[in-house]
Every structure is written in C-alpha cells, then in structure tokens.
$ cat model.cif   # mmCIF, C-alpha atoms
data_data
loop_
_atom_site.label_atom_id
_atom_site.label_comp_id
_atom_site.auth_asym_id
_atom_site.auth_seq_id
_atom_site.Cartn_x
_atom_site.Cartn_y
_atom_site.Cartn_z
CA MET A 1 0.00 0.00 0.00
CA PRO A 2 1.13 3.61 -0.15
CA GLY A 3 3.91 4.40 2.22
CA GLY A 4 7.54 4.79 2.91
CA ARG A 5 9.77 6.85 5.08
CA GLY A 6 8.49 9.93 6.89
CA ALA A 7 7.94 11.54 10.24
CA PRO A 8 5.31 10.13 12.59
CA ARG A 9 1.85 11.50 11.99
CA ARG A 10 0.94 14.66 13.84
CA ALA A 11 -2.52 16.09 14.17
CA GLN A 12 -2.98 19.31 12.24
CA PRO A 13 -5.48 20.74 9.79
CA ARG A 14 -4.91 19.80 6.19
CA PRO A 15 -4.49 22.71 3.81
CA PRO A 16 -6.28 22.65 0.47
CA GLN A 17 -4.46 20.44 -2.00
CA GLY A 18 -2.51 22.44 -4.51
CA PRO A 19 -2.27 21.61 -8.19
CA ARG A 20 -0.31 18.48 -8.98
CA HIS A 21 1.70 17.75 -12.05
CA THR A 22 -0.72 14.99 -12.95
CA ARG A 23 -3.66 17.40 -13.17
CA ALA A 24 -2.56 18.28 -16.69
CA HIS A 25 -4.20 15.09 -17.84
CA ARG A 26 -7.67 16.42 -16.87
CA SER A 27 -8.05 18.43 -20.07
CA HIS A 28 -11.51 18.78 -21.61
CA ARG A 29 -13.02 17.64 -18.32
CA VAL A 30 -16.23 19.65 -18.78
CA ALA A 31 -16.81 18.30 -22.26
CA ARG A 32 -16.20 14.74 -21.10
CA THR A 33 -18.61 15.18 -18.21
CA VAL A 34 -21.36 16.57 -20.46
CA GLY A 35 -20.87 13.65 -22.82
CA LEU A 36 -21.04 11.18 -19.99
CA VAL A 37 -24.27 12.78 -18.72
CA ALA A 38 -25.85 12.20 -22.13
CA LEU A 39 -24.57 8.62 -22.26
CA ALA A 40 -25.82 7.92 -18.75
CA GLY A 41 -29.23 9.37 -19.55
CA VAL A 42 -29.72 7.23 -22.65
CA THR A 43 -28.17 4.02 -21.36
CA PHE A 44 -28.80 3.88 -17.65
CA ALA A 45 -31.58 6.45 -17.14
CA THR A 46 -31.43 7.68 -13.56
CA SER A 47 -30.16 4.45 -11.99
CA ALA A 48 -27.63 4.28 -9.18
CA VAL A 49 -25.17 2.83 -11.67
CA ALA A 50 -25.26 6.00 -13.72
CA PHE A 51 -24.67 8.10 -10.63
CA SER A 52 -21.68 5.97 -9.65
CA LEU A 53 -20.15 6.17 -13.13
CA LEU A 54 -20.43 9.93 -13.15
CA ARG A 55 -18.59 10.05 -9.85
CA TRP A 56 -15.86 7.79 -11.19
CA GLN A 57 -15.35 9.79 -14.37
CA GLY A 58 -15.16 13.09 -12.56
CA ASN A 59 -12.75 12.01 -9.83
CA VAL A 60 -10.06 9.82 -11.31
CA THR A 61 -7.01 11.19 -13.06
CA ARG A 62 -6.81 9.40 -16.39
CA LEU A 63 -3.24 8.87 -17.53
CA PRO A 64 -2.23 8.15 -21.14
CA SER A 65 -1.80 4.58 -22.30
CA VAL A 66 1.77 3.35 -21.94
CA SER A 67 1.32 0.26 -24.13
CA GLU A 68 3.70 1.65 -26.78
CA LEU A 69 6.43 2.39 -24.23
CA VAL A 70 6.68 -0.84 -22.26
CA VAL A 71 8.83 -3.86 -22.96
CA ALA A 72 6.91 -6.83 -24.33
CA PRO A 73 6.39 -9.80 -21.99
CA THR A 74 8.95 -12.57 -22.05
CA PRO A 75 7.56 -15.15 -24.54
CA ALA A 76 5.92 -18.18 -22.98
CA PRO A 77 4.15 -21.11 -24.71
CA THR A 78 1.00 -20.64 -22.66
CA ALA A 79 0.74 -16.94 -23.44
CA THR A 80 -0.46 -17.33 -27.05
CA ARG A 81 -3.98 -16.22 -27.91
CA THR A 82 -6.39 -17.43 -30.51
CA PRO A 83 -7.52 -15.10 -33.30
CA GLU A 84 -10.99 -15.08 -31.71
CA GLU A 85 -9.54 -13.75 -28.45
CA VAL A 86 -7.56 -11.03 -30.20
CA ALA A 87 -10.57 -9.89 -32.22
CA THR A 88 -12.90 -9.51 -29.22
CA ASP A 89 -13.12 -6.91 -26.46
CA PRO A 90 -9.82 -7.22 -24.53
CA MET A 91 -11.66 -6.95 -21.21
CA ALA A 92 -14.22 -9.67 -21.92
CA GLY A 93 -13.89 -13.43 -22.14
CA ARG A 94 -10.26 -13.68 -21.07
CA ALA A 95 -8.10 -13.29 -18.03
CA VAL A 96 -7.09 -9.73 -17.11
CA ASN A 97 -3.94 -8.65 -15.26
CA LEU A 98 -3.96 -5.26 -13.56
CA LEU A 99 -1.00 -3.66 -11.81
CA VAL A 100 -1.80 -1.80 -8.58
CA LEU A 101 0.91 0.58 -7.37
CA GLY A 102 1.03 2.39 -4.05
CA SER A 103 2.57 5.81 -4.57
CA ASP A 104 4.84 7.45 -1.98
CA ASP A 105 4.15 10.89 -3.44
CA ARG A 106 4.81 13.56 -0.77
CA SER A 107 3.22 16.60 -2.40
CA GLY A 108 0.00 18.39 -1.49
CA GLN A 109 -2.22 16.49 0.91
CA ASN A 110 0.24 13.59 1.09
CA ALA A 111 2.85 15.94 2.57
CA VAL A 112 0.51 16.65 5.48
CA ILE A 113 0.02 12.93 6.06
CA ALA A 114 3.63 11.74 5.98
CA GLY A 115 5.80 14.83 5.66
CA ALA A 116 7.07 16.61 2.56
CA ALA A 117 9.95 14.94 0.74
CA PRO A 118 11.45 15.26 -2.74
CA GLY A 119 11.15 12.57 -5.34
CA GLY A 120 8.73 9.69 -5.05
CA GLY A 121 8.53 5.96 -5.21
CA SER A 122 6.35 2.92 -4.79
CA ASP A 123 6.82 0.43 -1.96
CA THR A 124 3.73 -1.60 -2.89
CA THR A 125 3.19 -3.52 -6.12
CA MET A 126 0.43 -6.07 -6.64
CA ILE A 127 -0.59 -7.98 -9.73
CA VAL A 128 -4.37 -8.47 -9.68
CA HIS A 129 -5.38 -11.41 -11.88
CA LEU A 130 -9.06 -11.70 -12.82
CA ALA A 131 -9.93 -15.18 -14.09
CA ALA A 132 -11.40 -15.32 -17.59
CA ASP A 133 -14.73 -16.55 -16.24
CA ARG A 134 -14.54 -13.99 -13.38
CA SER A 135 -14.95 -16.82 -10.86
CA ARG A 136 -11.93 -15.81 -8.79
CA VAL A 137 -9.35 -13.06 -8.24
CA ASP A 138 -5.70 -13.82 -7.49
CA VAL A 139 -3.48 -11.08 -6.06
CA ALA A 140 0.32 -11.56 -6.21
CA ALA A 141 2.50 -9.17 -4.22
CA ILE A 142 6.05 -8.34 -5.29
CA PRO A 143 8.46 -7.35 -2.49
CA ARG A 144 9.96 -3.94 -3.15
CA ASP A 145 13.50 -5.23 -2.46
CA SER A 146 13.29 -8.02 -5.05
CA ARG A 147 16.41 -8.37 -7.19
CA ALA A 148 14.97 -7.08 -10.46
CA ILE A 149 16.04 -7.01 -14.07
CA ILE A 150 14.98 -3.49 -15.06
CA PRO A 151 15.09 -2.97 -18.84
CA ALA A 152 15.82 0.35 -20.51
CA CYS A 153 12.80 2.59 -19.84
CA HIS A 154 11.37 5.57 -21.69
CA LEU A 155 12.00 8.92 -20.04
CA ASP A 156 9.70 10.81 -22.42
CA TRP A 157 6.89 10.04 -24.87
CA GLN A 158 9.05 9.92 -28.00
CA ALA A 159 9.52 6.47 -29.51
CA ASP A 160 13.20 7.26 -30.16
CA GLY A 161 13.58 9.61 -27.19
CA SER A 162 15.63 9.46 -24.03
CA MET A 163 15.98 6.07 -22.34
CA SER A 164 17.34 4.93 -19.01
CA SER A 165 20.04 2.27 -18.84
CA ALA A 166 19.10 -1.37 -18.33
CA GLN A 167 20.20 -2.46 -14.88
CA THR A 168 19.83 -4.91 -12.03
CA ALA A 169 18.47 -3.16 -8.95
CA LYS A 170 15.79 -3.40 -6.29
CA PHE A 171 12.35 -3.70 -7.82
CA ASN A 172 11.02 -0.35 -6.61
CA LYS A 173 13.84 1.39 -8.53
CA ALA A 174 11.77 0.87 -11.69
CA PHE A 175 9.01 3.18 -10.47
CA ALA A 176 11.56 5.75 -9.28
CA ILE A 177 13.23 5.83 -12.72
CA GLY A 178 10.02 6.95 -14.39
CA TRP A 179 8.94 9.16 -11.48
CA GLN A 180 12.04 11.35 -11.83
CA THR A 181 10.56 12.63 -15.10
CA GLY A 182 7.65 14.13 -13.20
CA ASP A 183 5.19 11.93 -15.09
CA PRO A 184 3.54 9.13 -13.07
CA ALA A 185 2.55 7.35 -16.29
CA LEU A 186 6.22 6.89 -17.16
CA ALA A 187 6.81 5.57 -13.64
CA ALA A 188 4.09 2.99 -14.24
CA ALA A 189 5.49 2.20 -17.70
CA CYS A 190 8.94 1.33 -16.34
CA THR A 191 7.39 -0.83 -13.63
CA ILE A 192 5.22 -2.63 -16.18
CA SER A 193 8.24 -3.25 -18.40
CA THR A 194 10.05 -4.78 -15.44
CA VAL A 195 7.08 -6.96 -14.48
CA GLN A 196 6.56 -8.19 -18.03
CA THR A 197 10.26 -8.92 -18.43
CA MET A 198 10.47 -10.92 -15.21
CA THR A 199 7.13 -12.76 -15.31
CA GLY A 200 6.02 -13.13 -18.92
CA LEU A 201 2.61 -11.76 -17.96
CA THR A 202 0.86 -9.09 -20.00
CA ILE A 203 -0.34 -6.16 -17.91
CA ASP A 204 -3.66 -4.84 -19.24
CA GLY A 205 -3.91 -1.67 -17.17
CA PHE A 206 -2.62 0.00 -14.03
CA VAL A 207 -3.90 1.87 -11.00
CA ILE A 208 -1.84 4.25 -8.84
CA VAL A 209 -3.19 5.13 -5.42
CA ASP A 210 -1.51 7.61 -3.10
CA MET A 211 -1.84 7.96 0.66
CA ALA A 212 -4.70 10.45 0.54
CA GLY A 213 -6.59 8.23 -1.88
CA PHE A 214 -6.14 5.22 0.37
CA GLU A 215 -7.50 7.09 3.37
CA GLY A 216 -10.45 8.24 1.28
CA MET A 217 -11.40 4.70 0.26
CA VAL A 218 -11.31 3.47 3.85
CA ASP A 219 -13.36 6.40 5.14
CA ALA A 220 -15.84 5.93 2.27
CA VAL A 221 -16.87 2.50 3.56
CA GLY A 222 -17.06 3.70 7.14
CA GLY A 223 -13.81 2.12 8.30
CA VAL A 224 -12.51 -1.44 8.25
CA ARG A 225 -12.57 -3.95 11.10
CA VAL A 226 -9.38 -5.97 11.58
CA CYS A 227 -8.21 -8.57 14.06
CA VAL A 228 -4.87 -7.83 15.73
CA PRO A 229 -3.62 -11.08 17.34
CA GLU A 230 -0.66 -9.37 19.04
CA PRO A 231 0.03 -5.73 19.92
CA LEU A 232 1.40 -3.62 17.06
CA ARG A 233 3.55 -0.61 17.85
CA ASP A 234 5.71 1.35 15.41
CA GLY A 235 6.47 4.91 16.45
CA ARG A 236 9.31 5.32 13.95
CA TYR A 237 7.64 6.42 10.74
CA THR A 238 3.99 6.04 11.76
CA ALA A 239 1.92 6.52 14.90
CA LEU A 240 0.63 2.94 14.88
CA ASP A 241 -0.11 1.67 18.39
CA LEU A 242 -2.75 -1.09 18.55
CA SER A 243 -3.50 -3.46 21.39
CA ALA A 244 -4.41 -7.09 20.74
CA GLY A 245 -8.04 -7.60 19.73
CA TRP A 246 -10.53 -6.20 17.25
CA HIS A 247 -10.06 -2.68 15.91
CA ASP A 248 -12.26 -0.55 13.65
CA LEU A 249 -9.69 1.40 11.65
CA GLN A 250 -10.57 4.69 9.99
CA GLY A 251 -8.58 6.20 7.15
CA ALA A 252 -5.57 7.69 8.99
CA GLN A 253 -5.12 4.75 11.35
CA ALA A 254 -5.67 2.26 8.53
CA LEU A 255 -2.90 3.93 6.52
CA ASP A 256 -0.52 3.57 9.47
CA TYR A 257 -1.53 -0.11 9.72
CA VAL A 258 -0.49 -0.88 6.14
CA ARG A 259 2.53 1.47 6.06
CA ALA A 260 4.23 0.47 9.32
CA ARG A 261 7.34 -1.62 8.80
CA HIS A 262 9.42 -1.21 11.95
CA ILE A 263 7.02 -3.02 14.27
CA ALA A 264 8.44 -3.77 17.71
CA GLY A 265 9.59 -7.39 17.89
CA THR A 266 9.94 -7.84 14.11
CA ASP A 267 12.89 -7.59 11.73
CA GLY A 268 11.45 -4.45 10.14
CA THR A 269 11.56 -5.83 6.60
CA ASP A 270 9.10 -5.35 3.77
CA PRO A 271 7.79 -8.96 3.47
CA GLY A 272 6.35 -8.76 6.99
CA ARG A 273 4.47 -5.62 6.02
CA ILE A 274 3.09 -7.31 2.89
CA GLU A 275 1.33 -9.95 4.99
CA ARG A 276 -0.36 -7.22 7.03
CA GLN A 277 -1.38 -5.41 3.85
CA GLN A 278 -2.98 -8.58 2.53
CA ARG A 279 -4.89 -9.01 5.78
CA PHE A 280 -6.20 -5.47 5.50
CA ILE A 281 -7.22 -5.79 1.85
CA GLY A 282 -9.08 -8.96 2.75
CA ALA A 283 -10.95 -7.08 5.48
CA LEU A 284 -11.69 -4.21 3.07
CA LEU A 285 -13.02 -6.68 0.50
CA ARG A 286 -15.29 -8.25 3.09
CA LYS A 287 -16.67 -4.79 3.87
CA VAL A 288 -17.12 -3.82 0.21
CA LEU A 289 -18.76 -7.15 -0.62
CA SER A 290 -21.20 -6.70 2.24
CA SER A 291 -24.72 -5.47 1.66
CA ASP A 292 -23.80 -2.18 3.30
CA VAL A 293 -21.97 -1.11 0.15
CA LEU A 294 -23.17 -3.09 -2.85
CA THR A 295 -26.91 -2.83 -2.23
CA SER A 296 -26.96 0.82 -1.23
CA PRO A 297 -26.75 3.42 -4.03
CA VAL A 298 -25.85 6.08 -1.47
CA ALA A 299 -23.01 3.99 -0.01
CA LEU A 300 -21.77 3.05 -3.48
CA GLY A 301 -21.82 6.66 -4.63
CA ARG A 302 -19.99 7.80 -1.49
CA PHE A 303 -17.37 5.08 -1.93
CA LEU A 304 -16.69 6.00 -5.57
CA ASP A 305 -16.74 9.72 -4.86
CA ALA A 306 -14.30 9.65 -1.94
CA GLY A 307 -12.38 6.56 -2.93
CA THR A 308 -11.46 7.73 -6.43
CA SER A 309 -10.61 11.35 -5.69
CA SER A 310 -6.86 10.65 -5.59
CA LEU A 311 -6.78 7.68 -7.92
CA MET A 312 -4.79 7.59 -11.17
CA VAL A 313 -5.67 4.95 -13.76
CA SER A 314 -4.37 4.03 -17.19
CA ALA A 315 -6.35 4.94 -20.30
CA GLU A 316 -7.42 1.30 -20.60
CA LEU A 317 -9.35 1.66 -17.33
CA GLY A 318 -10.41 5.29 -17.70
CA ASP A 319 -13.69 4.45 -19.43
CA PRO A 320 -16.30 3.86 -16.69
CA ARG A 321 -17.98 1.22 -18.84
CA THR A 322 -14.78 -0.80 -18.75
CA MET A 323 -14.60 -0.56 -14.98
CA LEU A 324 -18.24 -1.54 -14.69
CA GLY A 325 -17.68 -4.50 -17.00
CA LEU A 326 -14.79 -5.70 -14.86
CA ALA A 327 -16.37 -5.07 -11.48
CA TRP A 328 -19.96 -6.12 -12.02
CA PRO A 329 -19.36 -9.91 -12.36
CA LEU A 330 -17.33 -9.85 -9.13
CA ARG A 331 -20.38 -8.90 -7.09
CA ASN A 332 -21.29 -12.59 -6.86
CA LEU A 333 -17.96 -13.63 -5.35
CA ASP A 334 -17.38 -14.17 -1.68
CA SER A 335 -14.25 -13.65 0.36
CA ALA A 336 -13.00 -17.20 -0.27
CA ASP A 337 -12.81 -16.46 -4.02
CA PHE A 338 -10.07 -13.86 -3.49
CA THR A 339 -6.61 -15.31 -2.92
CA PHE A 340 -3.42 -13.51 -1.92
CA VAL A 341 0.11 -14.72 -2.43
CA THR A 342 3.57 -13.18 -2.19
CA VAL A 343 6.16 -14.12 -4.79
CA PRO A 344 8.16 -17.00 -3.21
CA TRP A 345 11.40 -15.46 -1.96
CA VAL A 346 14.45 -15.84 0.24
CA TYR A 347 16.76 -13.23 1.72
CA GLY A 348 19.69 -12.55 -0.59
CA THR A 349 22.88 -10.57 -0.25
CA GLY A 350 23.24 -6.80 -0.29
CA GLY A 351 19.76 -6.19 1.08
CA TYR A 352 18.10 -7.96 -1.84
CA VAL A 353 15.18 -10.39 -1.79
CA ASP A 354 15.68 -13.19 -4.31
CA TRP A 355 12.82 -15.11 -5.92
CA THR A 356 12.92 -18.89 -5.56
CA ASP A 357 12.28 -21.41 -8.34
CA ASP A 358 8.64 -21.59 -7.26
CA ALA A 359 8.18 -18.06 -8.61
CA ALA A 360 8.29 -19.46 -12.15
CA LEU A 361 5.47 -21.86 -11.22
CA LEU A 362 3.39 -18.97 -9.89
CA TRP A 363 3.75 -17.02 -13.13
CA SER A 364 3.05 -20.15 -15.18
CA ARG A 365 -0.23 -20.70 -13.38
CA LEU A 366 -1.30 -17.10 -13.81
CA LEU A 367 -0.37 -17.26 -17.50
CA GLY A 368 -2.49 -20.37 -17.87
CA ASP A 369 -5.36 -18.78 -15.91
CA GLU A 370 -5.10 -21.58 -13.36
CA PRO A 371 -5.79 -21.30 -9.64
CA VAL A 372 -2.64 -20.46 -7.71
CA ASN A 373 -3.14 -23.58 -5.58
CA PRO A 374 -5.24 -26.03 -7.64
CA VAL A 375 -7.73 -28.19 -5.75
CA PRO A 376 -6.28 -31.72 -5.67
CA VAL A 377 -8.14 -34.45 -7.52
CA VAL A 378 -8.83 -37.28 -5.09
CA ALA A 379 -8.79 -40.77 -6.57
CA ALA A 380 -12.20 -42.40 -6.66
CA THR A 381 -12.79 -45.11 -4.04
CA PRO A 382 -13.11 -48.51 -5.76
CA PRO A 383 -16.53 -50.10 -5.39
CA ALA A 384 -16.90 -52.76 -2.72
CA PRO A 385 -16.89 -56.32 -4.10
CA VAL A 386 -20.34 -57.85 -4.53
CA THR A 387 -20.73 -61.25 -2.87
CA PRO A 388 -23.07 -63.48 -4.90
CA PRO A 389 -25.88 -65.19 -2.96
CA PRO A 390 -25.21 -68.80 -1.90
CA VAL A 391 -26.45 -71.52 -4.25
CA THR A 392 -27.86 -74.75 -2.77
CA PRO A 393 -26.74 -77.75 -4.88
CA PRO A 394 -29.24 -80.50 -5.86
CA PRO A 395 -29.36 -83.51 -3.48
CA ASP A 396 -27.66 -85.86 -5.96
CA LEU A 397 -24.54 -83.67 -6.28
CA PRO A 398 -21.69 -83.61 -3.77
CA VAL A 399 -21.29 -80.47 -1.74
CA ARG A 400 -18.24 -78.54 -2.83
CA THR A 401 -16.44 -76.05 -0.69
CA PRO A 402 -16.24 -72.72 -2.60
CA LEU A 403 -12.81 -71.45 -3.44
CA PRO A 404 -11.69 -68.44 -1.40
CA VAL A 405 -12.09 -65.11 -3.15
CA ALA A 406 -9.22 -62.69 -2.85
CA PRO A 407 -10.30 -59.38 -1.34
CA ALA A 408 -10.31 -56.34 -3.58
CA PRO A 409 -7.03 -54.47 -3.39
CA VAL A 410 -7.07 -51.44 -1.13
CA VAL A 411 -6.09 -48.31 -3.03
CA PRO A 412 -4.64 -45.81 -0.56
CA ALA A 413 -5.83 -42.23 -0.87
CA PRO A 414 -3.17 -39.95 -2.34
CA PRO A 415 -1.40 -37.78 0.20
CA ALA A 416 -2.63 -34.22 0.44
CA PRO A 417 -0.36 -32.10 -1.76
CA LYS A 418 1.86 -29.63 0.00
CA PRO A 419 0.99 -26.08 -1.09
CA ASP A 420 3.44 -24.59 -3.54
CA PHE A 421 2.95 -21.14 -2.04
CA VAL A 422 1.76 -19.51 1.13
CA VAL A 423 -1.73 -18.57 0.05
CA ARG A 424 -4.43 -16.78 2.01
CA THR A 425 -7.96 -15.80 1.08
CA ALA A 426 -9.92 -12.70 2.01
CA ASP A 427 -11.26 -14.66 4.99
CA ASP A 428 -9.61 -13.73 8.28
CA PRO A 429 -7.64 -16.71 9.67
CA ASP A 430 -7.02 -14.89 12.93
CA ALA A 431 -10.64 -14.05 13.70
CA VAL A 432 -10.86 -16.88 16.21
CA LEU A 433 -7.95 -15.37 18.14
CA CYS A 434 -9.82 -12.12 18.68
CA GLY A 435 -13.03 -13.79 19.81
#

$ encode --input "model.cif" --output "structure tokens"
Amino acid sequence: MPGGRGAPRRAQPRPPQGPRHTRAHRSHRVARTVGLVALAGVTFATSAVAFSLLRWQGNVTRLPSVSELVVAPTPAPTATRTPEEVATDPMAGRAVNLLVLGSDDRSGQNAVIAGAAPGGGSDTTMIVHLAADRSRVDVAAIPRDSRAIIPACHLDWQADGSMSSAQTAKFNKAFAIGWQTGDPALAAACTISTVQTMTGLTIDGFVIVDMAGFEGMVDAVGGVRVCVPEPLRDGRYTALDLSAGWHDLQGAQALDYVRARHIAGTDGTDPGRIERQQRFIGALLRKVLSSDVLTSPVALGRFLDAGTSSLMVSAELGDPRTMLGLAWPLRNLDSADFTFVTVPWVYGTGGYVDWTDDAALLWSRLLGDEPVNPVPVVAATPPAPVTPPPVTPPPDLPVRTPLPVAPAPVVPAPPAPKPDFVVRTADDPDAVLCG
C-alpha cells in the first residue's frame, strides 16, 4: 500500500491540496462530463449505476496509455492467444492482469500525512489477476527489495527519445526511474516493463493510489474492522499503536496499519508488512462485498466519490464502462474467491530479496489462468466387491467347498499435496484469536 519513510503523523489541519503535475491530464473535463451525462441518460436512465459512473469519471485522473512504451512480456508457450480472443473486447472473455501501485508521493495532501519529501517511489506492487470466467481473483504481491532485471525505460513520450540504462536493482527502482521525469505514467510504464520482463505476464492496465486516496477509500466505507492477534507498535515512521483484539480502523489509522514496517519485535523488513497489507485488503473486501456497500446506491456513490478522488488509472481503465464490465461480475464472489500470495522469496545478499524457483510456477499458473493452488483431484474409491448369494446344490450332487475369493485391493488415498505457495484468502484466519 502507499507508504515509505516519513515523520510520525501529527494532528494538524490539512491545507487545500494544490495543483499536482498529474492534473494536466484532466483536459476537456467539462466536455467529457457533459458527454457522460448524455450517455448515462440514454443508457442507464437515472439508476444508481449512472450516478456511480459519473462520480468515477469526474474524480479519477486518467493517464495516457503506456502500451507503446513498455517492454513486451517474455515469450511463454501458454501466453499465445487465438484469433478469436484477439478480435474480441480485450476486457471480456479472457483473463485480465492489472497492476496496482502504491505511490509514496509527498506533495500536497500527502505531505501533510507523511511529511514533505522530494522525489517519489512505490513500496507496494500487486498484480491483480481476474480469471477469464470472473470466478476468482488472485493477487500476487512483489516485495519492493526483489532483485529485479529493469530494462531500458522511456524517459519521455518519443519512440526514439531518451531512455534509461538497463540495470539490475531493487524492484522499486523501476518506479523511481520513471517518477524522476515528473510523469507518473512513465513511472508505471517502467514498472510494467520490469514486471513483463520478469514474469512473462501481459499487464492490461494500471492503478496508482496515493496515501490520501487510500484514506479516502477506507473512510468511504465507514472504516474497516481488523483482528490484531498481538500488539502492534511502530512509532518510527507512523503513529501505529494497537493493542491485541478487534479494531475498527478509519482512514488515517488504517494507513498507518499498512505502512508500518518497523514493528516492535519484528525484523522491520518489507515482506512482513506485505502480509499485514494482505490481511487489510481482505478485510476491506469483506466490507465492500457486504450489503452495506453493494446494495446501497448512497453507499456506493460515497465510496466511488471519496475513494477515487486521488486515484490515477491508465487509459485502458479510464472508461467507466470498462470498470463496470470488470467489477460487475465480481459482485457474486465471496471472500473465499479472493486469494493472496507473495512471490516466493528468500533473503539474498546486499539487502536484496531473491525469488525462488517456485516463482516461475506462480507465473506459469497465472499465465495459464489456473488457480494459484489447484484443488487436488482425489482418486475415486473402488466399489466394494459384490458377494453373490449362496447356491444350494441339488441332493444328488456332492457339496463342494467354494474357493476363497481374494479381497479387492485397497487403493490408498493420495497424500494431500503440499501447497506450492503460502496462500491466504480474504477470509480472516485470525478471527478466532480475537473472539
């Protein structure tokens, strides 16, 4: 999630947010809004859906498509598509991979939250995989300190323009390379190039959420309830101080919960924070999937209005009809249909995190649109042997003792497969600990 280094939070009024460099992409906003009003009136009449789409269109910052700037995915046999798939809507009938990036931008409102700082980066990267039949969502987190192969990245929008040097560095360096240009779309482009180079996956769109946007989404649903099995105390870069038990986290406290890394009693590394982020997203999903949000037009409108005010999305996701097409089928899922996994890793040298060989299996399964941990197929139990009824011989025939019948062989059940990855769902495994 959004976060990084900064001074502990201090209570103070937040000044109005000044113009950001990304606001340049809001050109022709009035014309777009008028057009969307007409579209909503014809297509959706005065439904709650139309209201929600208007909110989305007016709030998000739509960034240009970076598809022409990113490095193509590493070829893989399972990545080929049929002509029918290529000819149809790219967001329908096939798996979709979205890249979610947490921005550490420290300008405007974000400076009030975590302190002003030059530059910017991304400590949170998640690949969100939507199954082709929309029956499940798999979320794979990439540790920021992963040893990454970062290809040459575009530093402007010219096809033959300035490029960075290809290099091996920590994964979050990719976002920083593009961010130094002042254009968040180029930051996303370099990150996408790195992901596609290292995984073979094709990224279909991206979302960048900053700290203010994260707080807005949490506040829009009225806070998120989480179970804290053991006390959590940071005090270094956040003001996180939670006792063991259930906590209803509002925006500011929720941001501290997902940002905190130097928790007392831990090693202060990023992978530990990722697990806590996954727990929180699971809790947020449970709240969003509840009737409080999905069946209430007012709650849905409030969520989209507040939750998208600081959101930046790629052009592929900027059309509200695309977002509706992606989100609407997911309304029938429950928390068990969302799975979270971190790229299998081990600590390396020089502060790096190195991916293990199981990482290739993870990417292969996502490429093949397979569940991250497939449900094992249990061998069928052989039918019990049928004993024929006894036959009484005629009186004039000698009685013969029947030959013994060998019992049917016992086929042992296959052992339960050991999970390839540490996988969790949006269900809370610690709920029982909090009572």

$ resolve_selection --input "model.cif" --expression "the PyMOL selection byres ((chain A and resi 142) around 9)" --output "ChimeraX atom specification"
/A:124-127,140-141,143-146,171,271,274,342-343

$ residues_near_point --input "model.cif" --point "(-5.7, -0.2, -2.7)" --cutoff "10 Å" --atoms "all atoms listed in the file" --output "ChimeraX atom specification"
/A:1-2,100-102,124,126,207-211,213-215,217-218,277,280-281,284,307,311

$ residues_near_point --input "model.cif" --point "(5.5, -12.5, -19.3)" --cutoff "10 Å" --atoms "only C-alpha atoms" --output "MDAnalysis selection string"
chainID A and resid 71:76 78:79 193:203 363:364 366:367

$ closest_residue --input "model.cif" --among "A:Val346, A:Met163, A:Val353, A:Leu242" --to "Arg147 (chain A)" --atoms "all atoms listed in the file"
A:Val353

$ resolve_selection --input "model.cif" --expression "the PyMOL selection byres ((chain A and resi 69) around 9)" --output "ChimeraX atom specification"
/A:65-68,70-71,153-154,157-159,186,189-190,193

$ closest_residue --input "model.cif" --among "A:Leu63, A:Ala212, A:Ala148, A:Leu333" --to "Thr191 (chain A)" --atoms "only C-alpha atoms"
A:Ala148

$ resolve_selection --input "model.cif" --expression "the PyMOL selection byres ((chain A and resi 172) around 7)" --output "ChimeraX atom specification"
/A:121-123,144-145,170-171,173-176
